[in-house]
Every structure is written in structure tokens, then in C-alpha cells.
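Engineer: For reference, the file work_22.cif (mmCIF, C-alpha atoms and all ligand atoms) is included below:
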data_start
#
loop_
_atom_site.label_atom_id
_atom_site.label_comp_id
_atom_site.auth_asym_id
_atom_site.auth_seq_id
_atom_site.Cartn_x
_atom_site.Cartn_y
_atom_site.Cartn_z
CA MET A 27 186.94 -5.89 162.37
CA ALA A 28 189.90 -5.56 164.68
CA ILE A 29 193.28 -6.44 163.28
CA GLN A 30 194.73 -9.32 165.20
CA ARG A 31 198.01 -8.93 167.02
CA VAL A 32 199.96 -11.96 168.21
CA VAL A 33 202.87 -11.13 170.46
CA SER A 34 204.47 -14.44 171.45
CA LYS A 35 207.15 -15.53 168.98
CA GLN A 36 207.03 -19.01 170.49
CA ALA A 37 203.28 -19.34 169.85
CA LYS A 38 203.65 -18.25 166.22
CA THR A 39 206.62 -20.58 165.68
CA GLN A 40 204.60 -23.52 166.99
CA VAL A 41 201.88 -22.86 164.41
CA LEU A 42 204.42 -22.72 161.57
CA LEU A 43 205.98 -25.99 162.68
CA GLN A 44 202.63 -27.70 162.13
CA SER A 45 203.05 -27.15 158.39
CA GLU A 46 205.17 -29.75 156.67
CA GLU A 47 206.09 -27.30 153.93
CA LEU A 48 207.13 -24.48 156.29
CA ARG A 49 208.87 -26.57 158.94
CA GLY A 50 212.10 -26.72 156.95
CA TYR A 51 212.35 -22.93 156.89
CA VAL A 52 212.03 -22.49 160.67
CA PRO A 53 215.30 -22.52 162.65
CA GLU A 54 215.12 -24.62 165.81
CA THR A 55 213.67 -22.38 168.53
CA ILE A 56 213.02 -23.32 172.16
CA ILE A 57 212.55 -21.71 175.55
CA TYR A 58 215.83 -20.44 176.99
CA THR A 59 217.14 -22.21 180.07
CA ARG A 60 220.63 -23.10 181.20
CA GLN A 61 220.14 -26.61 179.79
CA THR A 62 218.69 -25.60 176.42
CA LEU A 63 221.41 -22.98 175.96
CA ARG A 64 224.06 -25.60 176.57
CA SER A 65 222.61 -28.26 174.29
CA MET A 66 221.83 -25.77 171.51
CA LEU A 67 225.41 -24.44 171.66
CA ASP A 68 226.74 -27.99 171.37
CA GLN A 69 224.46 -28.60 168.42
CA HIS A 70 224.69 -25.36 166.46
CA GLY A 71 227.77 -23.47 167.71
CA MET A 72 226.09 -20.09 167.13
CA LEU A 73 222.74 -18.98 168.55
CA TYR A 74 220.53 -15.98 168.99
CA ILE A 75 218.69 -15.52 172.25
CA LYS A 76 215.81 -13.05 172.40
CA PRO A 77 212.71 -12.10 174.37
CA ASP A 78 209.60 -14.10 173.45
CA SER A 79 207.73 -10.82 173.01
CA GLY A 80 210.40 -8.42 171.80
CA THR A 81 210.43 -5.56 169.32
CA PHE A 82 212.99 -3.36 167.57
CA GLY A 83 215.69 -5.97 168.20
CA ASN A 84 215.81 -5.05 171.89
CA GLY A 85 217.35 -7.74 174.07
CA VAL A 86 218.55 -9.78 171.08
CA ILE A 87 221.91 -11.39 171.90
CA LYS A 88 224.21 -13.44 169.68
CA VAL A 89 225.96 -16.29 171.53
CA GLU A 90 228.71 -18.47 170.12
CA GLN A 91 231.15 -21.15 170.98
CA LEU A 92 234.66 -20.24 169.88
CA SER A 93 236.65 -22.69 167.77
CA ASN A 94 239.37 -24.87 169.28
CA LYS A 95 237.58 -24.92 172.64
CA LEU A 96 238.72 -21.35 173.28
CA GLY A 97 235.56 -20.60 175.19
CA TYR A 98 232.42 -18.61 174.47
CA ARG A 99 231.40 -15.16 173.38
CA PHE A 100 228.25 -13.12 173.32
CA GLN A 101 227.36 -9.80 171.74
CA SER A 102 224.53 -7.57 172.92
CA GLY A 103 224.29 -4.24 171.12
CA THR A 104 227.94 -3.37 170.52
CA LYS A 105 229.05 -4.95 173.79
CA ILE A 106 231.15 -8.11 173.33
CA ARG A 107 232.13 -10.43 176.20
CA THR A 108 234.23 -13.58 176.11
CA TYR A 109 234.35 -16.37 178.70
CA LYS A 110 236.47 -19.44 179.30
CA SER A 111 233.71 -21.69 180.62
CA PHE A 112 230.04 -22.31 179.94
CA ASP A 113 229.22 -21.49 183.58
CA SER A 114 230.80 -18.05 183.39
CA LEU A 115 229.06 -17.41 180.04
CA PHE A 116 225.70 -18.25 181.57
CA THR A 117 226.33 -16.01 184.59
CA GLY A 118 227.35 -13.18 182.25
CA LEU A 119 224.20 -13.58 180.15
CA GLU A 120 222.00 -13.58 183.24
CA GLN A 121 223.52 -10.25 184.23
CA VAL A 122 222.73 -8.49 180.97
CA ARG A 123 219.49 -9.99 179.71
CA PRO A 124 216.13 -8.63 180.85
CA LYS A 125 214.35 -11.03 183.23
CA ARG A 126 211.59 -12.09 180.89
CA ARG A 127 210.70 -15.20 179.00
CA TYR A 128 213.53 -15.77 176.53
CA LEU A 129 213.93 -17.99 173.50
CA VAL A 130 217.04 -19.60 172.10
CA GLN A 131 217.21 -19.97 168.34
CA LYS A 132 219.72 -21.57 166.02
CA GLY A 133 221.87 -18.78 164.59
CA ILE A 134 221.86 -18.24 160.84
CA GLN A 135 225.03 -16.98 159.12
CA LEU A 136 223.48 -14.08 157.25
CA LEU A 137 224.60 -13.10 153.79
CA LYS A 138 226.67 -9.92 153.62
CA HIS A 139 226.74 -6.85 151.42
CA HIS A 140 229.88 -4.70 151.71
CA LYS A 141 230.79 -6.64 154.88
CA ARG A 142 227.48 -5.87 156.55
CA ARG A 143 224.89 -8.54 157.35
CA PHE A 144 221.43 -8.27 155.92
CA ASP A 145 218.05 -9.94 156.10
CA LEU A 146 214.74 -9.47 154.31
CA ARG A 147 211.22 -8.38 155.20
CA VAL A 148 208.38 -10.00 153.28
CA MET A 149 205.05 -8.16 153.58
CA VAL A 150 201.91 -10.27 153.10
CA GLN A 151 198.39 -8.80 153.10
CA GLN A 152 194.84 -9.76 152.36
CA ASN A 153 194.03 -8.24 149.00
CA LEU A 154 190.75 -6.73 147.86
CA SER A 155 189.31 -10.18 147.10
CA GLY A 156 190.26 -11.52 150.52
CA GLN A 157 193.16 -13.62 149.20
CA TRP A 158 196.62 -13.53 150.77
CA GLU A 159 199.16 -11.78 148.57
CA SER A 160 202.85 -10.97 149.10
CA THR A 161 202.89 -7.23 148.43
CA GLY A 162 206.50 -6.27 149.02
CA ILE A 163 210.00 -7.59 149.72
CA ILE A 164 212.79 -5.35 150.97
CA GLY A 165 216.21 -5.77 152.57
CA ARG A 166 217.60 -4.48 155.84
CA LEU A 167 221.34 -3.99 156.10
CA SER A 168 222.80 -4.05 159.59
CA HIS A 169 224.90 -1.32 161.13
CA PRO A 170 228.51 -2.58 160.69
CA SER A 171 229.06 -3.14 164.40
CA LYS A 172 225.60 -4.54 165.29
CA ILE A 173 224.19 -8.06 165.28
CA VAL A 174 220.62 -7.05 164.38
CA THR A 175 219.41 -5.48 161.13
CA ASN A 176 216.51 -3.51 162.64
CA TYR A 177 216.02 0.03 161.42
CA HIS A 178 215.71 1.15 165.04
CA SER A 179 219.19 -0.26 165.71
CA GLY A 180 220.87 1.60 162.88
CA GLY A 181 219.93 -0.78 160.05
CA THR A 182 219.54 0.60 156.52
CA ILE A 183 216.53 -0.18 154.34
CA THR A 184 217.92 -1.38 150.99
CA PRO A 185 216.33 -2.86 147.85
CA PHE A 186 216.47 -6.66 147.46
CA GLU A 187 218.27 -6.37 144.09
CA THR A 188 221.06 -4.21 145.54
CA LEU A 189 221.75 -6.77 148.25
CA MET A 190 221.43 -9.90 146.13
CA SER A 191 223.22 -8.80 142.96
CA SER A 192 226.61 -10.02 144.18
CA HIS A 193 225.10 -13.37 145.23
CA MET A 194 222.96 -14.31 142.19
CA ASN A 195 222.15 -13.17 138.67
CA ALA A 196 218.92 -11.42 137.65
CA ASP A 197 217.24 -14.65 136.59
CA ALA A 198 217.97 -16.35 139.90
CA GLN A 199 216.82 -13.23 141.76
CA ALA A 200 213.44 -13.32 140.03
CA LYS A 201 213.04 -17.00 140.95
CA TYR A 202 214.11 -16.29 144.52
CA LEU A 203 211.57 -13.48 144.85
CA GLU A 204 208.89 -15.85 143.60
CA LYS A 205 209.92 -18.43 146.19
CA LEU A 206 209.81 -15.83 148.99
CA ARG A 207 206.35 -14.69 147.90
CA ARG A 208 205.15 -18.30 148.00
CA ILE A 209 206.62 -18.82 151.48
CA GLY A 210 204.95 -15.57 152.59
CA VAL A 211 201.50 -16.61 151.38
CA LYS A 212 201.88 -20.11 152.81
CA THR A 213 202.89 -18.63 156.19
CA ALA A 214 199.87 -16.32 156.20
CA ILE A 215 197.48 -19.17 155.37
CA GLN A 216 199.01 -21.35 158.07
CA LEU A 217 198.83 -18.65 160.77
CA SER A 218 195.23 -17.77 159.82
CA VAL A 219 194.10 -21.24 160.76
CA ARG A 220 194.98 -20.42 164.36
CA TYR A 221 194.51 -16.62 164.20
CA PRO A 222 191.59 -16.03 161.81
CA ASN A 223 191.48 -12.23 162.15
CA LEU A 224 194.94 -11.64 160.73
CA LYS A 225 194.97 -9.26 157.77
CA GLU A 226 198.66 -8.55 157.33
CA ILE A 227 201.95 -10.07 158.43
CA GLY A 228 205.64 -9.32 157.94
CA LEU A 229 208.15 -12.16 157.79
CA ASP A 230 211.74 -11.60 158.86
CA VAL A 231 213.65 -13.85 156.49
CA ALA A 232 217.35 -14.61 156.84
CA VAL A 233 219.25 -15.91 153.83
CA ASP A 234 222.21 -18.08 154.80
CA THR A 235 225.49 -18.46 152.96
CA ASP A 236 224.04 -21.44 151.00
CA LEU A 237 221.22 -19.08 149.92
CA LYS A 238 218.66 -21.00 151.94
CA PRO A 239 215.86 -18.81 153.35
CA TRP A 240 214.95 -19.07 157.05
CA ILE A 241 211.92 -17.53 158.75
CA LEU A 242 213.36 -15.82 161.85
CA GLU A 243 210.02 -14.51 163.05
CA VAL A 244 206.63 -13.30 161.86
CA ASN A 245 205.39 -9.85 162.86
CA THR A 246 201.65 -9.26 163.07
CA MET A 247 202.01 -5.47 163.05
CA PRO A 248 204.52 -4.99 160.25
CA ASP A 249 205.73 -1.48 159.47
CA PRO A 250 204.59 -0.63 155.91
CA TYR A 251 206.51 2.65 155.80
CA ILE A 252 209.88 1.03 155.08
CA PHE A 253 208.50 0.25 151.60
CA ARG A 254 208.12 3.96 150.88
CA ARG A 255 211.86 3.95 150.21
CA LEU A 256 211.44 1.91 147.04
CA SER A 257 211.63 3.79 143.76
CA ASP A 258 208.58 1.84 142.55
CA LYS A 259 205.93 3.92 144.35
CA GLY A 260 203.19 1.52 143.25
CA ILE A 261 204.29 -1.01 145.86
CA PHE A 262 203.56 1.23 148.85
CA GLN A 263 200.39 2.56 147.22
CA ARG A 264 199.02 -0.96 146.85
CA MET A 265 199.86 -1.72 150.49
CA ARG A 266 197.88 1.36 151.51
CA ARG A 267 194.96 0.39 149.34
CA TYR A 268 194.76 -3.08 150.85
CA ALA A 269 195.20 -1.74 154.41
CA ALA A 270 192.45 0.84 153.87
CA ALA A 271 190.04 -1.94 152.91
CA TYR A 272 190.61 -4.13 155.97
CA SER A 273 191.27 -1.42 158.52
CA PRO A 274 189.47 1.78 157.47
CA LYS A 275 190.22 3.40 160.83
CA ARG A 276 193.96 2.95 160.60
CA VAL A 277 195.59 5.90 158.95
CA VAL A 278 198.37 4.83 156.62
CA LYS A 279 199.62 8.07 155.11
N1 LIG B 1 218.48 -16.89 164.58
C1 LIG B 1 219.02 -15.78 164.07
N2 LIG B 1 220.09 -15.87 163.24
C2 LIG B 1 220.64 -14.76 162.70
N3 LIG B 1 220.20 -13.50 162.93
C3 LIG B 1 219.15 -13.35 163.75
C4 LIG B 1 218.49 -14.47 164.36
N4 LIG B 1 217.47 -14.02 165.13
C5 LIG B 1 217.49 -12.66 165.00
N5 LIG B 1 218.48 -12.24 164.18
C6 LIG B 1 218.79 -10.85 163.82
O1 LIG B 1 218.24 -9.99 164.79
C7 LIG B 1 217.17 -9.20 164.24
C8 LIG B 1 216.08 -9.01 165.28
O2 LIG B 1 215.52 -10.27 165.63
P1 LIG B 1 213.96 -10.44 165.79
O3 LIG B 1 213.28 -9.97 164.56
O4 LIG B 1 213.68 -11.81 166.22
O5 LIG B 1 213.70 -9.40 167.00
P2 LIG B 1 212.56 -8.33 167.23
O6 LIG B 1 212.98 -7.60 168.45
O7 LIG B 1 211.28 -9.02 167.26
O8 LIG B 1 212.53 -7.36 166.03
P3 LIG B 1 211.23 -6.68 165.35
O9 LIG B 1 210.00 -7.08 166.07
O10 LIG B 1 211.52 -5.22 165.44
O11 LIG B 1 211.28 -7.20 163.96
C9 LIG B 1 216.75 -9.96 162.99
O12 LIG B 1 216.11 -9.13 162.05
C10 LIG B 1 218.09 -10.50 162.51
O13 LIG B 1 218.84 -9.51 161.85
MG MG B 2 212.05 -8.82 163.75
#
Could you show the structure in this file as C-alpha cells?
Structural biologist:
Amino acid sequence: MAIQRVVSKQAKTQVLLQSEELRGYVPETIIYTRQTLRSMLDQHGMLYIKPDSGTFGNGVIKVEQLSNKLGYRFQSGTKIRTYKSFDSLFTGLEQVRPKRRYLVQKGIQLLKHHKRRFDLRVMVQQNLSGQWESTGIIGRLSHPSKIVTNYHSGGTITPFETLMSSHMNADAQAKYLEKLRRIGVKTAIQLSVRYPNLKEIGLDVAVDTDLKPWILEVNTMPDPYIFRRLSDKGIFQRMRRYAAAYSPKRVVK
């Protein structure tokens, strides 16, 4: 059976919003236009805009309104631009962003570790009895001068415990992991209703400064290799075992 790939972030977000339980974890996300950018900036102050079908963090831009009506700023890669008016901000964005369908999403203030932002990847797979199971959770620490945590943009794969230890004690960490696993399984079940051939997904989860988890996006071709970094080798081995059962042709070394 072919593994299903779903590219559009907007399409996947719509499916998650249909779940009452998951809705609260999904940051407001809509199609980018001049009007939606303006109203979302008024509402949230800080946003991320990104291609509907992006990868590796390419084209992801952080946009914010500066305090005291000092204007606006965006960051794309390491390039930062500031503007006095909304109109000049919009013109500036149109010059740098690829001309594709874009989304605008409420920005989450990510937790930091040694002054660098991080987010989490939750891997969820169908296990050998065909049930959804969260098989791994790992952190991604951003390059100090970047706004994305992606490995391909200089992010560093880091264990969950290393990143969370300054934010919660071991007991709270265990509970938090349990919560993330539950959200992962619920997300997989919800997406399978619409995309029945899914076998594995990877959630990008942001944790905000109040420790609330947010689902930034769901990848349908998640990279399992980042989990090879964990000292517990059993985690990656189990991922391989599950993958071998649902996609015998795919070579996961
Ligand atoms: N709303 C947001 N608030 C805070 N940070 C965000 C937000 N959206 C994206 N980011 C940051 O940018 C990164 C890349 O965003 P996203 O995962 O949506 O893009 P991508 O190009 O699809 O990446 P990939 O497919 O490689 O995972 C996220 O992992 C996160 O670090
Ligand atoms: Mg991502």
C-alpha cells in the first residue's frame, strides 16, 4: 500500500480544526492576503507567514508589530527589515516572499534554552497491530540568529529532557510527554478520517512561555533519522520496525 503524502498545510489544518479536542492546540491559520495580514497583526502582534506547501523552513517569515506604534519588522533567514507603515511592510514582504500560496499563522513565543528558541517533533506511527502510537519525541533548537528550528536551517537536534529541564521538574516532564503522546495519537486518528492511507506523521509542536503546546504543522513524510541521535537506541529501532511493516519497499537504514 502506498504511503499517503499530504502537502497542503491548510488542508491538514482544516481537518484538525474539525476536532473539538484538537482545535485548542491549533494556532489561527488563514490564507495570506493584504487584509488577513493586517487583521492578524492587529489581533496577535506577532505572526509567521509561510508557503502552504513548504519544507525545510524555506520561505518562513516572522512578522511583528513593534511596541509603542514604532512600526513593523519582519525576519526572513537572518535578514531583518523594519518599516514605519503597514503599506511599506506589505510592499517589502511582497518583494522577498516567493509568489506562491502563503499562509499567515498566529506566532507562538517559543520557549528558550540558552537563549535559543526550540520546538518539538512528535513522531506517530501505526504499530504492528495497526494502532496509532507515538513512537518518539525530540527537540529542535534553533540557530541563535534564525527564526526557524529546522535542522536544514542550522537547528540542533536535542533531547526533550535537556530542553525542558529548566522549565519543569522530572515529574512534570513525564506528564507533559504523556500529554504530547496523546495529542499525537489524537491528531493521527483525526487525519486518518480524511486521509485513510496515512501510516506515519510528524507533528511540529511549539511550547509557549505558559507551557501550552501548539501544533504548528503536521508532516506526512517525517524524517525518522533525527531520532538516531537519542542515546536510547530502542526508539529508532522501533520506528524502523514499524516502518518496515507498513512500507516494506522503503529502506530505513
Ligand atoms: N506560528 C509559529 N510560531 C512560532 N514559530 C513558528 C511558527 N510557524 C513556524 N515556526 C517556526 O518555523 C519552523 C518551520 O515552520 P514549518 O514547520 O511550518 O515550515 P516547514 O517549511 O514546513 O518545515 P518542515 O516541513 O521542514 O518541517 C517551525 O519548526 C518553527 O520553529
Ligand atoms: Mg515543519
Engineer: Looking at all atoms listed in the file, which of A:Arg255, A:Arg207, A:Arg143, A:Arg107 is the one that sits closest to Gly228 (chain A)?
Structural biologist: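 Result for the nearest residue to Gly228 (chain A): A:Arg207.
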Engineer: With distances taken over all atoms listed in the file, which residue among A:Ile29, A:Arg254, A:Thr182, A:Glu47 lies nearest Arg208 (chain A)?
Structural biologist: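 Between A:Ile29, A:Arg254, A:Thr182, A:Glu47, the residue approaching Arg208 (chain A) most closely is A:Glu47.
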Engineer: Within 8 Å of ligand MG 2 (chain B), counting all atoms listed in the file, which protein or nucleic acid residues do you find, written as a ChimeraX atom specification?
Structural biologist: /A:81-83,176,229-230,242-245
Engineer: Got a sec: who's within 10 Å of Ile163 (chain A), counting all atoms listed in the file, leaving out chain neighbours fewer than 5 positions off, as number ranges by chain?
Structural biologist: A: 146-150, 185-186, 203, 206-207, 210, 228-229, 231, 253, 256, 261
Engineer: Ranking A:Gln263, A:Gln157, A:Asn195, A:Ser179 by minimum distance to ligand LIG 1 (chain B) and counting only C-alpha atoms and all ligand atoms, which one comes first?
Structural biologist: A:Ser179
Engineer: Using all atoms listed in the file, collect all residues at a distance of at most 12 Å from (219.5, -29.6, 171.3) as written in the file, then present them as a PDB file with C-alpha atoms, in the coordinates of the input.
Structural biologist:
ATOM      1  CA  PRO A  53     215.300 -22.520 162.650  1.00  0.00           C
ATOM      2  CA  GLU A  54     215.120 -24.620 165.810  1.00  0.00           C
ATOM      3  CA  THR A  55     213.670 -22.380 168.530  1.00  0.00           C
ATOM      4  CA  ILE A  56     213.020 -23.320 172.160  1.00  0.00           C
ATOM      5  CA  ILE A  57     212.550 -21.710 175.550  1.00  0.00           C
ATOM      6  CA  TYR A  58     215.830 -20.440 176.990  1.00  0.00           C
ATOM      7  CA  THR A  59     217.140 -22.210 180.070  1.00  0.00           C
ATOM      8  CA  ARG A  60     220.630 -23.100 181.200  1.00  0.00           C
ATOM      9  CA  GLN A  61     220.140 -26.610 179.790  1.00  0.00           C
ATOM     10  CA  THR A  62     218.690 -25.600 176.420  1.00  0.00           C
ATOM     11  CA  LEU A  63     221.410 -22.980 175.960  1.00  0.00           C
ATOM     12  CA  ARG A  64     224.060 -25.600 176.570  1.00  0.00           C
ATOM     13  CA  SER A  65     222.610 -28.260 174.290  1.00  0.00           C
ATOM     14  CA  MET A  66     221.830 -25.770 171.510  1.00  0.00           C
ATOM     15  CA  LEU A  67     225.410 -24.440 171.660  1.00  0.00           C
ATOM     16  CA  ASP A  68     226.740 -27.990 171.370  1.00  0.00           C
ATOM     17  CA  GLN A  69     224.460 -28.600 168.420  1.00  0.00           C
ATOM     18  CA  HIS A  70     224.690 -25.360 166.460  1.00  0.00           C
ATOM     19  CA  GLY A  71     227.770 -23.470 167.710  1.00  0.00           C
ATOM     20  CA  LEU A  73     222.740 -18.980 168.550  1.00  0.00           C
ATOM     21  CA  VAL A 130     217.040 -19.600 172.100  1.00  0.00           C
ATOM     22  CA  GLN A 131     217.210 -19.970 168.340  1.00  0.00           C
ATOM     23  CA  LYS A 132     219.720 -21.570 166.020  1.00  0.00           C
TER      24      LYS A 132
END
Engineer: Interatomic distance between CA of Gly85 (chain A) and CA of Pro239 (chain A)?
Structural biologist: 23.5 Å
Engineer: For atom N1 of ligand LIG 1 (chain B) and CA of Val219 (chain A), quote the distance in Å rounded to one decimal.
Structural biologist: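 Computed distance, atom N1 of ligand LIG 1 (chain B) to CA of Val219 (chain A), equals 25.1 Å.
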